[in-house]
file my_file_30.cif (mmCIF, C-alpha atoms)
data_target
#
loop_
_atom_site.label_atom_id
_atom_site.label_comp_id
_atom_site.auth_asym_id
_atom_site.auth_seq_id
_atom_site.Cartn_x
_atom_site.Cartn_y
_atom_site.Cartn_z
CA MET E 9 24.47 42.57 25.88
CA ARG E 10 23.94 39.39 27.83
CA LYS E 11 25.66 36.20 26.80
CA ASP E 12 22.37 34.29 26.11
CA HIS E 13 21.18 37.11 23.76
CA LEU E 14 24.45 36.94 21.82
CA MET E 15 24.08 33.18 21.50
CA LYS E 16 20.54 33.54 20.09
CA ILE E 17 21.69 36.16 17.57
CA PHE E 18 24.59 33.94 16.48
CA LEU E 19 22.27 30.93 16.09
CA ILE E 20 19.76 32.91 14.00
CA ALA E 21 22.52 34.31 11.79
CA PHE E 22 24.00 30.83 11.33
CA LEU E 23 20.62 29.34 10.33
CA LEU E 24 19.94 32.17 7.88
CA PHE E 25 23.30 32.08 6.11
CA ALA E 26 24.50 28.49 6.51
CA PRO E 27 24.74 26.36 3.37
CA VAL E 28 21.67 24.19 2.86
CA ALA E 29 21.82 20.62 1.56
CA LYS E 30 19.47 20.03 -1.36
CA ALA E 31 18.65 16.83 -3.16
CA ASP E 32 17.19 16.15 -6.59
CA TYR E 33 16.52 12.62 -7.72
CA PHE E 34 14.36 10.72 -10.19
CA ILE E 35 11.54 8.24 -9.54
CA LYS E 36 8.94 6.57 -11.75
CA ASP E 37 5.36 7.76 -11.56
CA GLY E 38 2.34 5.44 -11.83
CA ASN E 39 2.70 5.41 -15.63
CA GLY E 40 6.36 4.38 -15.54
CA VAL E 41 7.57 7.85 -16.59
CA LEU E 42 10.65 9.24 -14.82
CA GLN E 43 9.83 12.33 -12.78
CA GLN E 44 12.41 14.65 -11.24
CA VAL E 45 11.89 15.14 -7.52
CA LYS E 46 13.11 18.36 -5.98
CA SER E 47 13.54 18.74 -2.26
CA THR E 48 14.09 22.10 -0.63
CA ILE E 49 16.06 20.70 2.30
CA ILE E 50 16.90 17.05 2.87
CA GLY E 51 14.09 15.78 5.02
CA GLY E 52 11.90 18.71 3.92
CA ALA E 53 8.80 18.77 1.80
CA ILE E 54 8.90 17.22 -1.65
CA LEU E 55 7.03 18.94 -4.47
CA SER E 56 3.60 17.64 -5.35
CA SER E 57 4.71 16.08 -8.68
CA SER E 58 6.48 13.31 -6.76
CA GLN E 59 3.87 12.64 -4.11
CA ASN E 60 2.26 9.91 -6.21
CA THR E 61 5.15 7.43 -5.81
CA ASP E 62 7.52 6.20 -3.17
CA PRO E 63 11.30 6.18 -3.88
CA SER E 64 11.04 2.73 -5.50
CA GLY E 65 8.42 4.04 -7.95
CA THR E 66 5.44 2.28 -6.34
CA PRO E 67 2.44 4.60 -6.49
CA ILE E 68 1.15 6.12 -3.27
CA LEU E 69 -2.36 6.92 -4.40
CA GLN E 70 -5.83 7.11 -2.93
CA SER E 71 -7.78 3.93 -3.70
CA SER E 72 -10.08 4.10 -6.67
CA ALA E 73 -12.09 0.89 -6.16
CA SER E 74 -13.26 -1.50 -3.48
CA SER E 75 -14.57 -5.05 -3.28
CA PRO E 76 -16.64 -6.74 -0.61
CA ILE E 77 -15.35 -9.84 1.14
CA ASN E 78 -18.19 -12.27 1.83
CA ILE E 79 -17.05 -15.88 2.21
CA SER E 80 -18.84 -18.64 4.13
CA THR E 81 -17.06 -21.84 3.03
CA ALA E 82 -13.55 -23.27 3.10
CA THR E 83 -12.45 -22.07 -0.33
CA THR E 84 -10.30 -19.83 -2.48
CA VAL E 85 -12.32 -17.09 -4.15
CA GLN E 86 -11.42 -14.25 -6.49
CA ILE E 87 -11.73 -10.78 -4.95
CA VAL E 88 -10.24 -8.65 -7.78
CA PRO E 89 -10.06 -10.04 -11.33
CA LEU E 90 -6.87 -9.78 -13.35
CA ILE E 91 -6.46 -7.31 -16.18
CA SER E 92 -3.67 -8.27 -18.55
CA GLY E 93 -0.58 -6.11 -17.96
CA ASN E 94 -2.01 -4.52 -14.79
CA SER E 95 -1.01 -4.86 -11.16
CA ILE E 96 -3.34 -4.67 -8.19
CA LEU E 97 -2.24 -2.38 -5.37
CA VAL E 98 -4.12 -3.08 -2.14
CA THR E 99 -4.46 0.06 -0.01
CA SER E 100 -6.62 -1.31 2.83
CA TYR E 101 -8.59 -4.31 3.98
CA ASP E 102 -10.58 -5.51 6.94
CA ILE E 103 -11.93 -8.96 7.82
CA ILE E 104 -14.17 -10.12 10.68
CA ALA E 105 -14.60 -13.84 11.35
CA GLY E 106 -17.97 -15.35 12.29
CA GLY E 107 -16.21 -18.43 13.68
CA THR E 108 -12.78 -20.01 14.04
CA GLY E 109 -10.73 -20.35 10.86
CA THR E 110 -7.89 -18.86 8.85
CA PHE E 111 -7.98 -16.15 6.20
CA GLY E 112 -5.27 -15.10 3.74
CA PHE E 113 -4.64 -13.46 0.40
CA VAL E 114 -3.11 -15.21 -2.62
CA TYR E 115 -2.64 -14.29 -6.25
CA GLY E 116 -2.60 -16.24 -9.49
CA THR E 117 -4.39 -16.74 -12.78
CA GLY E 118 -7.21 -19.00 -13.85
CA THR E 119 -10.43 -19.64 -11.98
CA ASN E 120 -10.09 -18.40 -8.39
CA CYS E 121 -6.30 -18.05 -8.77
CA GLY E 122 -5.99 -21.80 -9.35
CA THR E 123 -3.04 -21.50 -11.75
CA GLY E 124 0.35 -20.37 -10.45
CA GLN E 125 -1.08 -19.55 -7.03
CA GLN E 126 1.30 -17.69 -4.72
CA PRO E 127 0.72 -16.46 -1.15
CA LEU E 128 0.49 -12.72 -0.66
CA THR E 129 0.00 -12.97 3.12
CA GLY E 130 0.23 -15.72 5.65
CA ALA E 131 -2.89 -17.44 6.92
CA TYR E 132 -4.30 -15.22 9.67
CA PRO E 133 -5.77 -17.41 12.43
CA LEU E 134 -9.06 -15.81 13.47
CA ALA E 135 -11.47 -16.70 16.26
CA SER E 136 -15.17 -15.93 16.34
CA GLN E 137 -15.84 -12.16 16.24
CA ALA E 138 -12.11 -11.43 15.81
CA GLY E 139 -10.64 -9.69 12.82
CA ILE E 140 -7.80 -7.86 11.19
CA ALA E 141 -7.59 -4.49 9.46
CA LYS E 142 -4.67 -2.91 7.63
CA GLY E 143 -4.16 0.29 5.68
CA ASN E 144 -6.22 3.43 5.32
CA GLY E 145 -6.75 3.61 1.56
CA SER E 146 -3.91 6.02 0.80
CA GLY E 147 -0.78 3.85 0.62
CA VAL E 148 0.17 0.51 -0.87
CA ILE E 149 0.21 -2.35 1.65
CA LEU E 150 0.15 -5.32 -0.76
CA LYS E 151 1.13 -5.52 -4.44
CA VAL E 152 -0.12 -8.22 -6.80
CA PRO E 153 2.28 -8.68 -9.74
CA GLN E 154 1.10 -7.73 -13.23
CA GLY E 155 -1.29 -10.10 -14.96
CA ASN E 156 -2.58 -11.80 -11.80
CA ALA E 157 -5.88 -11.81 -9.93
CA LEU E 158 -6.23 -11.28 -6.18
CA CYS E 159 -7.98 -14.03 -4.25
CA ALA E 160 -8.82 -14.82 -0.64
CA THR E 161 -8.42 -18.25 0.89
CA THR E 162 -10.22 -19.59 3.97
CA SER E 163 -9.86 -22.81 5.94
CA ALA E 164 -13.29 -23.33 7.48
CA ALA E 165 -17.00 -23.07 6.69
CA VAL E 166 -17.46 -19.92 8.75
CA GLN E 167 -18.50 -16.45 7.65
CA MET E 168 -15.58 -14.13 6.81
CA SER E 169 -16.80 -10.60 6.03
CA GLY E 170 -15.05 -7.38 5.19
CA SER E 171 -13.86 -5.17 2.37
CA LEU E 172 -10.76 -4.40 0.36
CA SER E 173 -9.72 -1.09 -1.27
CA TYR E 174 -7.36 -1.14 -4.24
CA ILE E 175 -5.95 0.52 -7.33
CA GLN E 176 -5.48 -1.42 -10.55
CA GLY E 177 -3.19 -0.23 -13.30
CA ASN E 178 0.05 -0.65 -15.23
CA PHE E 179 2.43 -0.30 -12.26
#

call {"tool": "encode", "arguments": {"input": "my_file_30.cif", "output": "structure tokens"}}
result
Amino acid sequence: MRKDHLMKIFLIAFLLFAPVAKADYFIKDGNGVLQQVKSTIIGGAILSSSQNTDPSGTPILQSSASSPINISTATTVQIVPLISGNSILVTSYDIIAGGTGTFGFVYGTGTNCGTGQQPLTGAYPLASQAGIAKGNGSGVILKVPQGNALCATTSAAVQMSGSLSYIQGNF
């Protein structure tokens, strides 16, 4: 037998009978319940019961709701209202500017996030007909802490249009 055939046979035999590393670990699902994650081979596929969270327990879910973004003044405006005890998980957004100004996301309580307001993004500087888009609706890109609303803030009286997809729940 040729040397290269022997090498292939050895490699196949090694792959078939070599010890395989396996990993089991626990993560929290979207309801805060610990779920055991089983992996066939490290780096391999994870069973479907764990595909709803990342390793830190943050849900990786398809968005269940969306809100339009339609702002034409320099203001802070509520996009998603707060629900006591719930977080808001943003899975995608897009904004197009009708003129020059900045756009950003903040969170807080009270009217238009006026109480305890905290930045969630920086202020994106946008020029006329320019925009920004992030996410595809199937993974968390921004997380608003529990008990807060999500708001948008703008710096100029120009039209800012777009949409935002999100999941809201006890995360």

call {"tool": "closest_residue", "arguments": {"input": "my_file_30.cif", "among": "E:Thr161, E:Gln167, E:Gln86, E:Ser71", "to": "E:Ser146", "atoms": "only C-alpha atoms"}}
result
E:Ser71

call {"tool": "atom_distance", "arguments": {"input": "my_file_30.cif", "atom1": "atom CA of E:Ile104", "atom2": "atom CA of E:Ile140"}}
result
6.8 Å

call {"tool": "closest_residue", "arguments": {"input": "my_file_30.cif", "among": "E:Ala160, E:Leu128, E:Leu90, E:Ala73", "to": "E:Phe111", "atoms": "all atoms listed in the file"}}
result
E:Ala160

call {"tool": "atom_distance", "arguments": {"input": "my_file_30.cif", "atom1": "atom CA of E:Gly106", "atom2": "atom CA of E:Gly124"}}
result
29.6 Å

call {"tool": "atom_distance", "arguments": {"input": "my_file_30.cif", "atom1": "atom CA of E:Ser163", "atom2": "atom CA of E:Gly130"}}
result
12.3 Å

call {"tool": "resolve_selection", "arguments": {"input": "my_file_30.cif", "expression": "the PyMOL selection byres ((chain E and resi 172) around 7)", "output": "list in words"}}
result
Ser74, Ser75, Pro76, Ser100, Tyr101, Asp102, Ser171, Ser173 and Tyr174 of chain E

call {"tool": "decode", "arguments": {"input": "my_file_30.cif", "residues": "stretch 74-86 of chain E", "atoms": "C-alpha atoms", "output": "mmCIF file, in the first residue's frame"}}
result
data_model
loop_
_atom_site.group_PDB
_atom_site.id
_atom_site.type_symbol
_atom_site.label_atom_id
_atom_site.label_comp_id
_atom_site.auth_asym_id
_atom_site.auth_seq_id
_atom_site.Cartn_x
_atom_site.Cartn_y
_atom_site.Cartn_z
ATOM 1 C CA SER E 74 -41.758 46.994 16.609
ATOM 2 C CA SER E 75 -42.201 50.746 16.930
ATOM 3 C CA PRO E 76 -41.951 53.464 14.324
ATOM 4 C CA ILE E 77 -39.474 56.302 14.740
ATOM 5 C CA ASN E 78 -40.947 59.567 13.474
ATOM 6 C CA ILE E 79 -39.361 62.660 15.026
ATOM 7 C CA SER E 80 -39.220 66.147 13.497
ATOM 8 C CA THR E 81 -38.104 68.378 16.397
ATOM 9 C CA ALA E 82 -35.139 68.648 18.750
ATOM 10 C CA THR E 83 -36.550 66.534 21.571
ATOM 11 C CA THR E 84 -36.483 63.374 23.645
ATOM 12 C CA VAL E 85 -39.434 61.121 22.886
ATOM 13 C CA GLN E 86 -40.542 57.751 24.217
#
